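Report on the following structure.
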Amino acid sequence: MLRRYVEFRMNKRSGVFKRISVAVLLMLLVIGLTGGIWLWDVPVAYADGYEGSEGGKDLPEAADVALDLTELELLVGDTQLLSVTVTPEGAGCPLITWATSDENVATVDEDGLVTAVGEGTAQISFTAGAFAGVCEVTVRSLFTVTLDRHAVTLTVSDKLKLRAAVNKGTVTLNWASSNEAVAKVSGDGVVTAKSPGEAVITVYAGLGVSDSCTVKVVPREISATSCYRVDRSRGYLLGPRVDTTVSEMVSNLNLDASLLRIDDENDDEETRGLVKTGMTVSLVVDGEERDKLTLRVLGDLDGDGRLGIYEYTRARVTLLGLGSMSDADKALLDLNGDGKLSITDYILIRLHILKLDIGWDGRDGFPDIQPSLSRVVPAGCDVVTISWNAVESAAGYEIYRSISPSGGYTLIASVGSDVLSYTDSNLDRDTTYYYKVCAFKHVGPVKLDTLHSEAGSVHVPGYTVYYQGDPRWGFSSSVRKSACVITAYAITINNMGIPCTPPDIYRSNGNQTPMNMTNLQRTFGVKAVCALPAGSPYLASFDGHKTRIKSPSANFEAAVREALALHPEGVILYFKKGSGAHAIVACKISDGKIYFSDPGRNRDYLVDFANTWCKIGHNMSYKHLVEMVALDRM
């Protein structure tokens with residue numbers, strides 16, 4: 001038999017107390033006095049029939065200390081003394097310490113006396129040296145209160161009345177919320193949902209008697225992260241793209257997926273599980289549909305969950321102006337998100353159909369960029385120069401030519417990204433040409449072209465020109481017979497030199513040789529044009545007849561070179577000093593040198609810049625240069 005050790009065993013409900021034998025107590029007192037052992041130094045109380053150590057020997061050590069009860073049920077207000085059994089029999093028991101896991105349910109004192117406080121479950125535990133144990137205590141009330149719901153989901157602003165049932169009598173009920181920012185409760189149990197979150201609503205019916213309901217509050221409407229957009233006016237959910245899974249779409253909605261219902265009427269095997277235009281997503285709370293949106297899937301016009309030939313054809317027809325499309329449908333094909341259906345979207349659709357992932361989403365809008373021509377001008381008798389503005393990120397440019405403004409453009413050249421002009425030569429005279437340019441770049445294996453520029457046009461002249469006729473000036477007979485602009489003539493003014501201008505352009509009048517632009521225009525069909533290009537740093541002004549340059553003595557040579565690049569036929573230079581005047585013509589640039597016809601010094605050959613009349617022995621210099629004139633046929 002195991003000897004049972006009991007600490008003040010009692011039972012208040014029965015009122016019966018077990019008493020320790022007087023004989024045992026007297027025997028213990030004698031042993032204590034004769035052995036020099038104080039009663040209160042003994043570490044434990046003693047059960048009936050306890051026998052001390054024989055012959056004054058020490059008690060054996062305990063091998064185990066265990067609770068007699070591991071489960072216990074009490075009513076609120078009841079008490080129960082817990083006891084332990086020490087093994088082996090007669091062994092000493094270490095000092096016992098008691099504890100409770102929840103004082104609102106049950107308490108325990110230092111003697112192991114348990115008192116039931118309120119409904120619930122608590123663990124009463126003890127430790128005795130190296131030993132420990134737990135008794136689970138369940139406390140019930142003499143009466144109970146029960147709510148009709150213990151868990152509920154509400155949307156913001158919903159109201160719900162919780163009903164509490166008491167099993168006995170009539171009591172006053174008190175209500176409380178664990179988080180009033182989420183859900184509030186009135187004195188009669190009406191719950192108002194305030195904001196998304198979770199709160200516990202508890203009803204109290206006296207000491208230790210209560211019940212609770214967990215209230216989950218969710219948004220009243222479906223909303224999305226920044227990936228998608230909700231159009232409330234039309235009930236649309238916008239933004240999902242083709243090939244997006246339903247689960248991925250739901251993950252971008254600000255709601256628990258368990259509250260959402262997805263309806264897919266076109267659930268074919270190939271696109272099952274993918275979003276589609278026309279699919280609906282609903283917010284369902286407690287079996288009631290609270291909100292519903294229809295998906296508009298980017299790239300899916302017909303609701304089959306694909307970006308395919310149908311979308312490709314509709315985009316092409318719309319871009320060609322052969323058909324119309326609603327703004328809502330155009331928005332579905334705006335794959336690069338620039339707010340319009342464009343050539344970029346058309347290319348993206350085509351790449352998708354071809355299953356070519358080139359790592360380009362079109363957000364830079366490259367194919368929609370339209371380069372602009374800056375100049376289309378003649379550069380010689382049968383030569384035209386085309387210039388354009390740079391396009392950012394272009395790898396190069398393509399130049400197209402046509403003889404009709406309505407089309408039929410042919411690619412004539414492709415140049416690199418650092419080239420912004422092109423010279424087209426060997427053109428037919430008396431013909432108008434039209435030019436366009438586009439930029440291109442490569443993304444992976446695909447070449448992307450921008451839109452073409454607006455067309456620029458230029459007319460190649462078809463008339464005959466006359467040169468100063470001395471063959472020693474270095475002009476071939478073929479050049480003398482035909483060209484496209486007026487070339488190589490000299491004019492004398494105020495009898496300072498001999499007349500050398502071709503007779504069909506200027507007719508000498510004895511020794512009087514006036515240069516009158518109005519007469520030249522009326523008689524010979526020529527006009528003055530600006531000798532320097534627009535924006536030239538050497539251009540001071542042009543009044544319709546004459547070009548004035550800035551600081552002639554400093555800029556003369558550079559200005560003449562620039563003028564000859566624009567007018568290779570030559571320009572007339574006017575010098576003025578007092579009443580004297582003289583004119584010479586810059587004829588050409590050869591081997592980097594400027595050559596002039598200078599009838600005032602030598603009519604037989606061209607002279608270079610270093611040997612001109614103004615440079616050698618004359619009292620006029622280039623600081624006296626006042627005007628520059630270039631002529632062209634009207």
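Letters for chains follow the order of the structure tokens (A, B, ...), residue numbers begin at 1 for each chain, and ligand numbers begin at 1 in the order shown.
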Between range 363-406 of chain A and range 529-540 of chain A, at 12 Å or less, what are the per-residue closest atom pairs and their distances in Å? Count only C-alpha atoms, order by chain and rising residue number, and return it as a Markdown table.
```
| residue | atom | partner | partner_atom | distance |
| --- | --- | --- | --- | --- |
| A:Ser374 | CA | A:Ala534 | CA | 11.7 |
| A:Arg375 | CA | A:Ala534 | CA | 10.9 |
| A:Val377 | CA | A:Pro533 | CA | 11.0 |
```
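The closest residue to Phe609 in chain A, picked from A:Leu253, A:Leu566, A:Arg561, A:Val200 and counting only C-alpha atoms, is A:Arg561.
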Could the residues of range 124-218 of chain A that have an atom at most 12 Å from range 254-258 of chain A be listed as a Markdown table, each with its closest atom pair and the distance in Å to one decimal, counting only C-alpha atoms and ordered by chain and ascending residue number?
```
| residue | atom | partner | partner_atom | distance |
| --- | --- | --- | --- | --- |
| A:Thr153 | CA | A:Asp256 | CA | 11.4 |
| A:Thr155 | CA | A:Leu255 | CA | 11.1 |
| A:Pro196 | CA | A:Leu255 | CA | 9.9 |
| A:Gly197 | CA | A:Leu255 | CA | 11.4 |
| A:Lys216 | CA | A:Asp256 | CA | 11.1 |
| A:Val217 | CA | A:Leu255 | CA | 10.8 |
| A:Val218 | CA | A:Leu255 | CA | 7.3 |
```
Inset, instruction - Mind listing the helix (DSSP H, G or I) residues of range 106-260 of chain A, per DSSP on the backbone, as a ChimeraX atom specification? - result: /A:246-251,257-259
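Interatomic distance, CA of Thr423 in chain A against CA of Met628 in chain A: 26.2 Å.
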Inset, instruction - Skip Arg272 in chain A itself and residues of its chain fewer than 2 positions away, then list as a list in words all residues within 12 Å of it, counting only C-alpha atoms. - result: Asp243, Thr244, Thr245, Val246, Ser247, Asp263, Asp264, Glu265, Asn266, Asp267, Asp268, Glu269, Glu270, Leu274, Val275, Lys276, Met279, Asp304, Gly305 and Arg306 of chain A
Would you write out those residues with C-alpha atoms, as a short mmCIF file (atom, residue, chain, number, x, y, z; two decimals), in the first residue's frame?
```
data_model
loop_
_atom_site.label_atom_id
_atom_site.label_comp_id
_atom_site.auth_asym_id
_atom_site.auth_seq_id
_atom_site.Cartn_x
_atom_site.Cartn_y
_atom_site.Cartn_z
CA ASP A 243 -2.91 35.15 -69.43
CA THR A 244 -3.54 36.35 -65.84
CA THR A 245 -4.80 33.58 -63.58
CA VAL A 246 -7.94 34.05 -61.54
CA SER A 247 -6.00 33.48 -58.31
CA ASP A 263 -18.45 33.52 -62.37
CA ASP A 264 -17.02 32.38 -65.72
CA GLU A 265 -19.64 31.59 -68.34
CA ASN A 266 -17.01 30.89 -71.02
CA ASP A 267 -14.99 28.29 -69.17
CA ASP A 268 -13.39 26.40 -72.08
CA GLU A 269 -10.62 23.94 -71.37
CA GLU A 270 -7.78 25.94 -72.95
CA LEU A 274 -7.60 32.53 -66.67
CA VAL A 275 -9.41 35.86 -66.47
CA LYS A 276 -11.68 36.87 -69.36
CA MET A 279 -16.26 37.43 -66.16
CA ASP A 304 -12.44 34.20 -74.89
CA GLY A 305 -9.48 34.91 -72.62
CA ARG A 306 -7.08 35.26 -75.57
#
```
Just the residues within 9 Å of Ser178 in chain A, please, counting only C-alpha atoms, with nothing from its chain fewer than 6 positions along; format it as a PDB file with C-alpha atoms, in the first residue's frame.
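That gives us result19.pdb:
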```pdb
ATOM      1  CA  LYS A 184     -19.547  48.769 -31.462  1.00  0.00           C
ATOM      2  CA  GLU A 198     -12.012  41.838 -36.089  1.00  0.00           C
ATOM      3  CA  ALA A 199     -13.635  42.384 -32.687  1.00  0.00           C
ATOM      4  CA  VAL A 200     -15.094  40.118 -29.982  1.00  0.00           C
ATOM      5  CA  ILE A 201     -18.546  41.048 -28.653  1.00  0.00           C
ATOM      6  CA  THR A 202     -19.166  39.655 -25.135  1.00  0.00           C
TER       7      THR A 202
END
```
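Of the listed residues (A:Val458, A:Leu67, A:Asn104, A:His442), A:Val458 comes nearest to Asp430 in chain A; the distances count only C-alpha atoms.
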Legend entry - Picked from range 71-252 of chain A by DSSP as strand (DSSP E or B), as an MDAnalysis selection string: chainID A and resid 71:75 79:81 84:87 96:100 106:108 113:116 120:128 131:140 145:147 151:155 159:161 164:166 174:177 183:185 190:193 197:204 210:218 224 229:231 236:241 245
May I have the selected residues written with C-alpha atoms, as a compact mmCIF listing (two decimals), in the first residue's frame?
```txt
# COMPACT_ATOMS: atom_id res chain seq x y z
CA GLU A 71 -9.43 16.43 -14.01
CA LEU A 72 -12.00 18.23 -11.89
CA GLU A 73 -15.42 19.82 -12.50
CA LEU A 74 -16.80 22.50 -10.17
CA LEU A 75 -19.66 24.95 -10.06
CA THR A 79 -13.99 24.52 -3.46
CA GLN A 80 -11.91 21.34 -3.63
CA LEU A 81 -8.68 20.36 -1.82
CA VAL A 84 -0.77 14.10 -3.85
CA THR A 85 0.66 10.58 -3.43
CA VAL A 86 4.35 10.10 -2.57
CA THR A 87 6.24 7.02 -3.73
CA ILE A 96 4.84 21.80 -2.55
CA THR A 97 4.06 25.02 -4.47
CA TRP A 98 0.65 25.55 -6.19
CA ALA A 99 -0.34 27.78 -9.16
CA THR A 100 -3.32 28.50 -11.48
CA ALA A 106 -10.15 29.13 -10.53
CA THR A 107 -7.73 30.07 -7.74
CA VAL A 108 -5.59 27.84 -5.53
CA LEU A 113 -7.43 24.42 -1.94
CA VAL A 114 -9.09 25.22 -5.31
CA THR A 115 -11.90 27.81 -5.49
CA ALA A 116 -14.12 28.02 -8.60
CA GLY A 120 -14.13 28.35 -18.13
CA THR A 121 -11.15 26.04 -17.86
CA ALA A 122 -7.97 26.53 -15.84
CA GLN A 123 -4.93 24.40 -15.14
CA ILE A 124 -4.02 23.97 -11.45
CA SER A 125 -0.38 22.90 -11.24
CA PHE A 126 2.07 21.98 -8.49
CA THR A 127 5.80 21.61 -8.18
CA ALA A 128 7.54 19.58 -5.47
CA PHE A 131 8.29 16.68 -9.45
CA ALA A 132 5.29 18.45 -11.01
CA GLY A 133 1.72 17.81 -12.08
CA VAL A 134 -1.41 19.47 -13.50
CA CYS A 135 -5.11 19.13 -12.82
CA GLU A 136 -7.47 20.60 -15.42
CA VAL A 137 -10.40 22.32 -13.69
CA THR A 138 -13.62 23.05 -15.59
CA VAL A 139 -15.95 25.56 -13.93
CA ARG A 140 -19.62 25.84 -14.85
CA VAL A 145 -26.07 32.75 -21.04
CA THR A 146 -25.83 31.73 -24.68
CA LEU A 147 -25.64 33.94 -27.79
CA ALA A 151 -19.07 34.12 -35.35
CA VAL A 152 -20.34 36.49 -38.01
CA THR A 153 -18.99 38.50 -40.96
CA LEU A 154 -20.37 41.99 -41.60
CA THR A 155 -19.62 44.71 -44.12
CA LYS A 159 -26.05 46.38 -38.12
CA LEU A 160 -26.81 43.07 -36.44
CA LYS A 161 -28.76 42.32 -33.24
CA ALA A 164 -28.73 36.17 -25.61
CA ALA A 165 -30.62 33.29 -23.91
CA VAL A 166 -30.35 32.66 -20.10
CA ASN A 174 -24.08 43.78 -20.05
CA TRP A 175 -22.41 44.05 -23.46
CA ALA A 176 -18.85 44.97 -24.45
CA SER A 177 -16.65 45.10 -27.58
CA ALA A 183 -17.43 47.05 -34.13
CA LYS A 184 -19.55 48.77 -31.46
CA VAL A 185 -22.34 47.15 -29.45
CA VAL A 190 -27.09 45.70 -31.55
CA VAL A 191 -23.68 45.47 -33.26
CA THR A 192 -22.60 48.22 -35.72
CA ALA A 193 -19.71 47.46 -38.10
CA GLY A 197 -10.94 44.24 -38.83
CA GLU A 198 -12.01 41.84 -36.09
CA ALA A 199 -13.63 42.38 -32.69
CA VAL A 200 -15.09 40.12 -29.98
CA ILE A 201 -18.55 41.05 -28.65
CA THR A 202 -19.17 39.65 -25.14
CA VAL A 203 -22.38 39.50 -23.10
CA TYR A 204 -22.08 39.24 -19.28
CA SER A 210 -20.69 35.18 -20.23
CA ASP A 211 -20.70 34.28 -23.90
CA SER A 212 -19.04 35.91 -26.91
CA CYS A 213 -19.29 36.32 -30.68
CA THR A 214 -16.36 37.04 -33.01
CA VAL A 215 -17.29 39.76 -35.51
CA LYS A 216 -15.25 40.11 -38.69
CA VAL A 217 -15.82 43.37 -40.58
CA VAL A 218 -14.94 43.58 -44.29
CA ALA A 224 -8.18 46.71 -55.82
CA ARG A 229 -8.81 50.13 -61.29
CA VAL A 230 -12.51 50.03 -60.42
CA ASP A 231 -14.91 51.98 -62.65
CA TYR A 236 -16.04 47.46 -64.33
CA LEU A 237 -12.86 46.02 -62.89
CA LEU A 238 -10.12 47.24 -65.24
CA GLY A 239 -6.47 46.32 -65.56
CA PRO A 240 -6.07 42.53 -65.60
CA ARG A 241 -4.22 41.33 -68.73
CA THR A 245 -4.80 33.58 -63.58
```
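With only C-alpha atoms as the atoms that count, the minimum distance from Thr294 in chain A to the choices A:Tyr310, A:Cys227, A:His567, A:Arg261 is reached by A:Arg261.
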Inset, instruction - Mind checking which residues fall within 9 Å of Phe366 in chain A, counting only C-alpha atoms, ignoring those fewer than 5 positions away in the same chain, and posting them as a ChimeraX atom specification? - result: /A:344,392-394,439-441,448-451
Inset, instruction - Excluding Arg163 in chain A and residues on its chain fewer than 4 positions from it, collect all residues at most 8 Å away from it, counting only C-alpha atoms, and give them as JSON, numbers by chain. - result: {"A": [147, 148, 149, 189]}
Legend entry - Distance in Å - CA of Asp632 in chain A versus CA of Leu373 in chain A: 23.7 Å
